[in-house]
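Quick notes on the structure that follows.
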Amino acid sequence: MAGALSYLDELEAQTVYILREAFACATPLCALWSVGKDSTALLWLMRKALLGHVPFPIIQLDTEMELPEVYEFRDRIAKEWDLDLRVELCPPESSVDQTLPPGARAAARKTEGLKHLLRRDGYRGVILGIRRDEQATRAKERIFSPRSFGGDWDVRHQPAEFWNHYATDVAEGMHLRIHPLLHWTEVDIWRYHLREGIPYVPLYLAKDGKRYRSLGEKNITVPIESNASTLEDIIAELEATREPERAGRLMDHEQEDAFERLRTSGYM
Amino acid sequence: MTHTLKIVIGGHVDHGKSTLIGRLLHDTGSLPLGKAAKLEALSSKRGVPLEWSFVLDALQTERDQAITIDTTRVWFTWNDRRYAIIDTPGHREFVRNMLSGASEADAAVLVVDVLEGVSEQTKRHAQLLQMLGIGQLAVAVNKMDAAGYDRSRFEEVSCDVHALLSALELRPHSLIPISARNGENLLNRSENMPWYQGPTLLEALSDFKPVHAIADAPLRLRVQDVYRVGGSRVAVGRVESGSVARGDTVLLSPMNTKATVRSIERWNAPDGQPAAAGESIGITFNEPVFINRGDVVSHVDRAPFLDYAFRAICFWLDESPPELGEQVTVQFGPTTARAVIAAVDAVMDSATLQQLSSEHIPRYAVVQLRLRSPALLPLDEQQAMPASARMVILRGRDVVAGGIVSSVMTGNMPANIFHSDHLVSAAERERRNGHRGAVIWLTGLPGAGKSTLAMALESALFRRGAAVYVLDGDNVRAGLNSDLGFSIADRAENIRRIGEVAALFADAGLIVITAFISPMQRDRAIARQAAGGRFHEIYVRADLLTCEARDTKGLYKRARAGELSDFTGISAPYEAPDSPELTIDTGSSSVDRCVGELLEYVVAATGLEAHAPVPQR
């Protein structure tokens with residue numbers, strides 16, 4: 001790799017740098033794993049950053065509503081990669097804000113599950129695989145984002161991030177949301193999967209003219225029309241499409257501000 | 001797929017940055033399906049015409065207030081290249097957010113409203129681009145439609161923009177008359193401005209190049225962490241510039257030790273490849289080196305400077321200004337150190353680009369600081385090594401400034417010069433402290449003002465970053481000399497010990513101020529002998545009547561009443577100095593004036609770097 005870095009190399013190097021900053025500065029640390037393509041690629045990058053073994057807990061916020069292939073993949077990878085996997089059951093739907101539209105309630109359950117986890121285990125750093133291009137409010141995120149334990153996000157008063165200087169130190173009672181994939185896009189993730197041979201849930205590949213572009217709970221996620229049956233196909237499809245990634249996620253289409261309400265109250 | 005070009009859009013509030021971006025996305029076919037229709041529906045629901053800026057202003061709060069709050073990132077692809085646009089808000093309070101966007105940009109577009117011309121934020125953002133080292137710049141002169149596509153108005157504004165940019169040594173690629181709202185001269189050439197022959201905005205953007213870590217520069221890698229893998233200690237970090245390979249002899253700073261690279265460590269990658277600029281790697285060494293987070297790996301040639309002090313140019317974000325003598329944290333990526341603000345050399349208003357007095361430093365000013373760390377720091381200067389000269393300043397946990405190292409202050413000792421004959425020299429101590437060690441020996445009658453002057457002087461010197469301490473009766477008699485009484489012999493011994501201790505302090509590099517009557521010539525001569533050339537005798541003069549009238553501790557009264565024997569000036573002699581280095585007349589001058597004189601003398605005598613005058617109280 002002596003020559004100039006390719007654009008994927010640069011994305012990778014930046015993410016590895018961020019992960020190493022997180023590991024050096026935010027203790028105790030954990031990472032959320034939704035078992036989707038992004039956070040699985042992120043797990044792979046954690047192994048790169050930490051030279052093989054990820055020594056902190058990998059947490060799946062579970063609504064028990066994921067598709068069966070997701071659970072199967074989760075358990076296989078956790079074993080193969082020797083992960084310290086911890087499944088965190090989210091509170092039931094009846095416990096969340098009933099004024100939220102139904103699709104957003106699963107997200108609200110995860111938010112509550114995360115808050116509960118942070119309060120109980122006192123993590124100072126939580127690594128999340130969100131990307132800026134996924135959804136408009138996520139574009140406003142910092143790489144290191146200080147939050148209260150309630151998770152409230154103060155969009156207006158975020159710390160400055162100059163170059164590679166991150167807010168790695170937070171006050172007692174606060175934690176850091178760390179977003180090492182913020183600068184990646186959906187197609188970058190798939191190109192990286194392809195290059196590195198990272199495993200993924202097979203639901204992303206088309207079967208009978210349909211595939212999942214984004215994986216959410218089974219009652220609120222629908223597959224898209226697609227014939228992309230390989231990663232190469234997916235990449236070609238994404239290069240051509242103007243459909244938003246989360247088109248199949250019902251929660252994004254309910255109210256003009258539903259997603260933002262979730263985000264400011266601590267959703268990932 | 002090629003590298004993404006990251007563009008930052010700057011300019012004054014309401015000059016049309018978000019509109020420009022929304023329109024660019026639309027024209028390049030980058031809006032998600034249905035987004036334009038959704039926006040039209042939204043706009044009509046609100047009863048306003050379609051605003052392209054709504055594309056970016058995704059948050060509810062933003063739509064309500066019609067200003068962009070934070071850096072928002074959007075992508076578009078044009079002619080096989082991907083562009084990431086960082087929308088930077090123009091509102092004054094959001095400069096902090098803008099910096100976060102701008103600091104990683106490859107190129108910039110500065111949007112100027114042709115009707116309003118160069119405004120406060122235009123200047124502020126141009127200043128920032130210069131500081132952040134973003135040299136690829138296009139200027140979009142917007143709202144040409146509202147100006148009737150008037151060429152002379154465009155040229156007038158262009159002239160102002162040129163003046164602003166050339167003052168900052170920024171050379172724009174082009175100045176382009178556009179209408180963001182109508183999409184004129186963005187992608188499509190405007191039919192309304194046939195007089196304009198230059199590039200369209202997208203043509204200008206296609207000329208810009210992504211900025212990469214520089215391969216043909218000296219190696220710099222800041223150690224982020226040290227991992228134990230198997231039996232090895234692996235130093236991990238990112239190659240900021242240059243490259244490193246197995247077998248290279250490297251220098252570790254600030255320890256100033258050499259080591260040989262045993263291996264470049266990566267996970268799930270081929271072995272033995274050299275590490276390229278920009279890559280995040282691990283390194284093991286042949287030698288058992290002591291290495292920590294923040295240390296810098298370079299080659300032996302072209303190593304960073306090792307120094308305690310440096311000049312920095314910073315964009316000050318905090319409401320409360322930098323203060324002389326203030327303790328802060330400086331951070332260069334993973335390299336963190338405590339530092340003192342030793343001087344504020346210049347202050348510039350980023351809106352007007354005017355020099356300001358250092359007494360009133362507004363938020364968002366550009367400040368030139370001198371910083372001094374108690375620890376040796378590996379330092380690079382902006383001119384030669386822009387990436388590794390980047391830094392932030394923290395107060396506690398909060399980033400209060402971001403900037404660059406403009407120069408290393410003493411700068412004479414690159415890390416690859418090794419000292420073997422001594423471990424720490426007087427010159428090194430002097431370099432770290434920013435002044436020579438000295439004994440400032442105040443002598444004078446009781447009540448002459450020695451303690452008052454000593455304390456005021458200490459405070460003034462301390463605030464300028466000096467290492468300074470006052471020895472007086474209270475701190476010496478209580479411990480060191482607690483075995484001594486007030487006999488003639490004990491008084492002489494008291495002064496002798498103080499002289500010796502002061503000399504040690506001075507040798508250690510401190511400025512030590514003593515405040516004792518020390519009435520006897522002979523005793524003071526002994527003290528002078530102990531400290532050698534570092535001794536400065538200061539005669540604090542006031543006549544007996546003045547001192548007795550002051551009688552701050554009521555001692556004269558008690559001496560007159562016969563309660564105190566051998567009281568200097570009453571019942572024991574005071575031998576005034578024959579040739580003191582300085583005489584301060586406290587009988588005829590105000591305290592402030594006396595302190596000022598004394599300070600001036602000490603600054604000159606110790607070589608303490610010249611600073612802005614201490615504000616008068």
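Lettering and numbering for the structure tokens are positional, with chains as A, B, ... in the shown order, residues counted from 1 in each chain, and ligands counted from 1 in the shown order.
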
### Message
Can you work out which residues from chain A touch chain B at a cut-off of 6 Å (counting only C-alpha atoms) and hand them back as a list in words?
### Response
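Written out as asked, the residues are Ala2, Tyr7, Ala13, Lys48, Leu51, Ala136, Ala139, Lys140, Ala160, Glu161, Phe162, Trp163, Asn164, His165, Arg242, Glu243 and Pro244 of chain A.
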
Keeping only N, CA and C atoms, write the selected residues as a tab-separated table (two decimals), in the first residue's frame.
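And here is the file that came out, again_26.tsv:
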```
chain	number	residue	atom	x	y	z
A	2	ALA	N	2.02	1.18	-0.70
A	2	ALA	CA	2.97	2.28	-0.58
A	2	ALA	C	2.53	3.51	-1.36
A	7	TYR	N	-9.78	5.91	-2.46
A	7	TYR	CA	-10.75	6.61	-1.63
A	7	TYR	C	-11.29	5.71	-0.53
A	13	ALA	N	-8.95	4.56	6.76
A	13	ALA	CA	-7.92	5.10	7.64
A	13	ALA	C	-8.52	6.11	8.62
A	48	LYS	N	-9.95	-4.11	12.63
A	48	LYS	CA	-8.77	-3.51	11.99
A	48	LYS	C	-8.06	-2.56	12.96
A	51	LEU	N	-6.45	-4.33	15.83
A	51	LEU	CA	-5.54	-5.39	15.37
A	51	LEU	C	-6.05	-6.79	15.70
A	136	ALA	N	-31.53	13.32	6.84
A	136	ALA	CA	-31.05	14.71	6.90
A	136	ALA	C	-30.58	15.13	8.29
A	139	ALA	N	-27.09	14.23	9.24
A	139	ALA	CA	-26.03	15.00	8.61
A	139	ALA	C	-25.49	16.07	9.55
A	140	LYS	N	-26.25	16.36	10.59
A	140	LYS	CA	-25.83	17.42	11.51
A	140	LYS	C	-24.94	16.90	12.62
A	160	ALA	N	-17.00	22.34	18.74
A	160	ALA	CA	-16.33	22.48	17.44
A	160	ALA	C	-15.46	21.26	17.20
A	161	GLU	N	-15.42	20.80	15.96
A	161	GLU	CA	-14.49	19.71	15.61
A	161	GLU	C	-13.52	20.23	14.56
A	162	PHE	N	-12.36	20.64	15.02
A	162	PHE	CA	-11.32	21.11	14.11
A	162	PHE	C	-10.50	19.93	13.65
A	163	TRP	N	-10.38	19.76	12.38
A	163	TRP	CA	-9.53	18.70	11.85
A	163	TRP	C	-9.78	17.40	12.61
A	164	ASN	N	-8.71	16.80	13.13
A	164	ASN	CA	-8.90	15.53	13.85
A	164	ASN	C	-8.98	15.71	15.35
A	165	HIS	N	-9.47	16.84	15.80
A	165	HIS	CA	-9.58	17.07	17.24
A	165	HIS	C	-11.03	16.87	17.66
A	242	ARG	N	-32.24	7.09	-7.45
A	242	ARG	CA	-32.46	8.34	-6.72
A	242	ARG	C	-33.48	8.12	-5.61
A	243	GLU	N	-33.76	6.86	-5.36
A	243	GLU	CA	-34.64	6.54	-4.23
A	243	GLU	C	-33.86	6.66	-2.94
A	244	PRO	N	-34.40	7.29	-1.93
A	244	PRO	CA	-33.68	7.34	-0.67
A	244	PRO	C	-33.57	5.95	-0.03
```

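Residue nearest Tyr212 of chain A, chosen from A:Ile143, A:Leu182, A:Leu128, A:Ile234 and counting only C-alpha atoms: A:Ile234.
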
### Query
Residues at most 7 Å from Ala259 of chain B, counting only C-alpha atoms, excluding those fewer than 4 positions away in the same chain, as a count of residues only?
6

Ser373 of chain B surroundings by only C-alpha atoms, 7 Å radius, close-in-sequence under 3 positions cut, as a PDB file with N, CA and C atoms, in the first residue's frame:
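Listed below is the output, part_31.pdb:
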```pdb
ATOM      1  N   TYR B 308       9.638  24.390  24.233  1.00  0.00           N
ATOM      2  CA  TYR B 308       8.636  24.661  25.261  1.00  0.00           C
ATOM      3  C   TYR B 308       7.654  25.732  24.813  1.00  0.00           C
ATOM      4  N   ALA B 309       8.094  26.561  23.886  1.00  0.00           N
ATOM      5  CA  ALA B 309       7.308  27.751  23.598  1.00  0.00           C
ATOM      6  C   ALA B 309       7.111  27.922  22.108  1.00  0.00           C
ATOM      7  N   ALA B 337      -0.879  18.824  25.935  1.00  0.00           N
ATOM      8  CA  ALA B 337       0.033  19.373  26.935  1.00  0.00           C
ATOM      9  C   ALA B 337      -0.603  20.573  27.615  1.00  0.00           C
ATOM     10  N   ARG B 338      -0.183  20.794  28.843  1.00  0.00           N
ATOM     11  CA  ARG B 338      -0.605  22.018  29.516  1.00  0.00           C
ATOM     12  C   ARG B 338       0.242  23.159  28.986  1.00  0.00           C
ATOM     13  N   ALA B 339      -0.315  24.347  28.990  1.00  0.00           N
ATOM     14  CA  ALA B 339       0.469  25.497  28.544  1.00  0.00           C
ATOM     15  C   ALA B 339      -0.054  26.757  29.213  1.00  0.00           C
ATOM     16  N   VAL B 340       0.794  27.758  29.227  1.00  0.00           N
ATOM     17  CA  VAL B 340       0.410  29.058  29.767  1.00  0.00           C
ATOM     18  C   VAL B 340       0.374  30.044  28.610  1.00  0.00           C
TER      19      VAL B 340
END
```

### Query
What are the DSSP helix (DSSP H, G or I) residues of segment 77-171 of chain A, as number ranges by chain?
A: 77-80, 93-95, 102-121, 136-140, 155-157

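Close contacts of segment 202-209 of chain A, defined as residues with an atom at most 7 Å away when counting only C-alpha atoms, with chain neighbours fewer than 6 positions off set aside, comprise Glu225, Ser226, Asn227, Ala228, Ser229 and Thr230 of chain A.
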
Can you check which residues of segment 102-243 of chain A DSSP gives as strand (DSSP E) on the backbone and send them as a short mmCIF file (atom, residue, chain, number, x, y, z; two decimals) with N, CA and C atoms, in the first residue's frame?
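Ended up saving to out_19.cif:
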```cif
data_model
loop_
_atom_site.label_atom_id
_atom_site.label_comp_id
_atom_site.auth_asym_id
_atom_site.auth_seq_id
_atom_site.Cartn_x
_atom_site.Cartn_y
_atom_site.Cartn_z
N GLY A 125 -18.53 5.89 26.53
CA GLY A 125 -18.51 6.00 25.08
C GLY A 125 -19.37 4.92 24.44
N VAL A 126 -20.16 5.31 23.44
CA VAL A 126 -20.97 4.35 22.69
C VAL A 126 -20.68 4.56 21.21
N ILE A 127 -20.20 3.52 20.55
CA ILE A 127 -19.89 3.63 19.13
C ILE A 127 -21.12 3.24 18.31
N PHE A 144 -17.67 12.96 17.43
CA PHE A 144 -17.79 12.72 18.87
C PHE A 144 -18.86 13.67 19.39
N SER A 145 -19.96 13.10 19.85
CA SER A 145 -21.08 13.94 20.24
C SER A 145 -21.40 13.74 21.72
N PRO A 146 -21.10 14.72 22.56
CA PRO A 146 -21.40 14.58 23.99
C PRO A 146 -22.91 14.61 24.23
N ARG A 147 -23.39 13.69 25.06
CA ARG A 147 -24.82 13.62 25.39
C ARG A 147 -24.99 13.47 26.89
N SER A 148 -26.15 13.91 27.34
CA SER A 148 -26.53 13.59 28.71
C SER A 148 -26.92 12.12 28.73
N MET A 174 -22.29 12.48 31.72
CA MET A 174 -22.46 12.61 30.27
C MET A 174 -21.83 11.39 29.61
N HIS A 175 -22.18 11.17 28.37
CA HIS A 175 -21.46 10.15 27.61
C HIS A 175 -21.22 10.66 26.20
N LEU A 176 -20.40 9.93 25.47
CA LEU A 176 -20.07 10.31 24.10
C LEU A 176 -20.74 9.35 23.13
N ARG A 177 -21.43 9.89 22.15
CA ARG A 177 -21.84 9.07 21.02
C ARG A 177 -20.72 9.22 19.99
N ILE A 178 -20.18 8.10 19.56
CA ILE A 178 -19.05 8.15 18.64
C ILE A 178 -19.49 7.57 17.30
N LYS A 210 -37.21 -8.97 -5.20
CA LYS A 210 -37.27 -8.04 -4.07
C LYS A 210 -36.04 -8.23 -3.18
N ARG A 211 -35.57 -7.11 -2.61
CA ARG A 211 -34.51 -7.21 -1.61
C ARG A 211 -34.70 -6.14 -0.56
N ILE A 224 -37.56 -3.65 -1.25
CA ILE A 224 -37.75 -2.85 -2.47
C ILE A 224 -37.73 -3.77 -3.69
N GLU A 225 -38.26 -3.25 -4.79
CA GLU A 225 -38.18 -3.96 -6.07
C GLU A 225 -36.71 -3.96 -6.51
#
```

Write out as a tab-separated table (two decimals) with N, CA and C atoms, in the first residue's frame the residues lying within 9 Å of Val157 of chain B, counting only C-alpha atoms and excluding same-chain residues fewer than 2 positions away.
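The resulting part_28.tsv:
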```
chain	number	residue	atom	x	y	z
B	112	VAL	N	-21.34	35.75	-2.29
B	112	VAL	CA	-21.49	37.17	-1.97
B	112	VAL	C	-22.74	37.69	-2.68
B	113	ASP	N	-23.60	38.29	-1.94
B	113	ASP	CA	-24.82	38.90	-2.50
B	113	ASP	C	-24.41	40.16	-3.27
B	114	VAL	N	-24.76	40.20	-4.56
B	114	VAL	CA	-24.31	41.33	-5.39
B	114	VAL	C	-24.94	42.65	-4.93
B	115	LEU	N	-26.08	42.55	-4.26
B	115	LEU	CA	-26.72	43.78	-3.81
B	115	LEU	C	-26.07	44.32	-2.54
B	116	GLU	N	-25.70	43.39	-1.65
B	116	GLU	CA	-25.12	43.83	-0.38
B	116	GLU	C	-23.60	43.92	-0.43
B	117	GLY	N	-22.98	43.18	-1.30
B	117	GLY	CA	-21.52	43.22	-1.40
B	117	GLY	C	-20.83	42.53	-0.24
B	118	VAL	N	-19.54	42.79	-0.09
B	118	VAL	CA	-18.74	42.17	0.97
B	118	VAL	C	-19.30	42.57	2.33
B	141	VAL	N	-20.84	35.32	-7.03
B	141	VAL	CA	-21.54	36.59	-6.79
B	141	VAL	C	-23.01	36.36	-7.13
B	152	SER	N	-21.87	46.23	-14.33
B	152	SER	CA	-21.02	47.17	-13.59
B	152	SER	C	-21.15	46.93	-12.09
B	153	ARG	N	-22.36	46.55	-11.66
B	153	ARG	CA	-22.52	46.23	-10.23
B	153	ARG	C	-21.67	44.99	-9.86
B	154	PHE	N	-21.69	44.00	-10.76
B	154	PHE	CA	-20.88	42.80	-10.55
B	154	PHE	C	-19.40	43.17	-10.44
B	155	GLU	N	-18.95	44.05	-11.32
B	155	GLU	CA	-17.53	44.39	-11.32
B	155	GLU	C	-17.14	45.19	-10.09
B	159	CYS	N	-14.43	43.87	-7.38
B	159	CYS	CA	-13.27	44.67	-7.00
B	159	CYS	C	-13.08	44.61	-5.47
B	160	ASP	N	-14.19	44.75	-4.73
B	160	ASP	CA	-14.14	44.67	-3.26
B	160	ASP	C	-13.68	43.29	-2.81
B	161	VAL	N	-14.20	42.28	-3.49
B	161	VAL	CA	-13.83	40.91	-3.11
B	161	VAL	C	-12.33	40.69	-3.34
B	162	HIS	N	-11.86	41.16	-4.47
B	162	HIS	CA	-10.43	41.02	-4.77
B	162	HIS	C	-9.58	41.70	-3.70
```
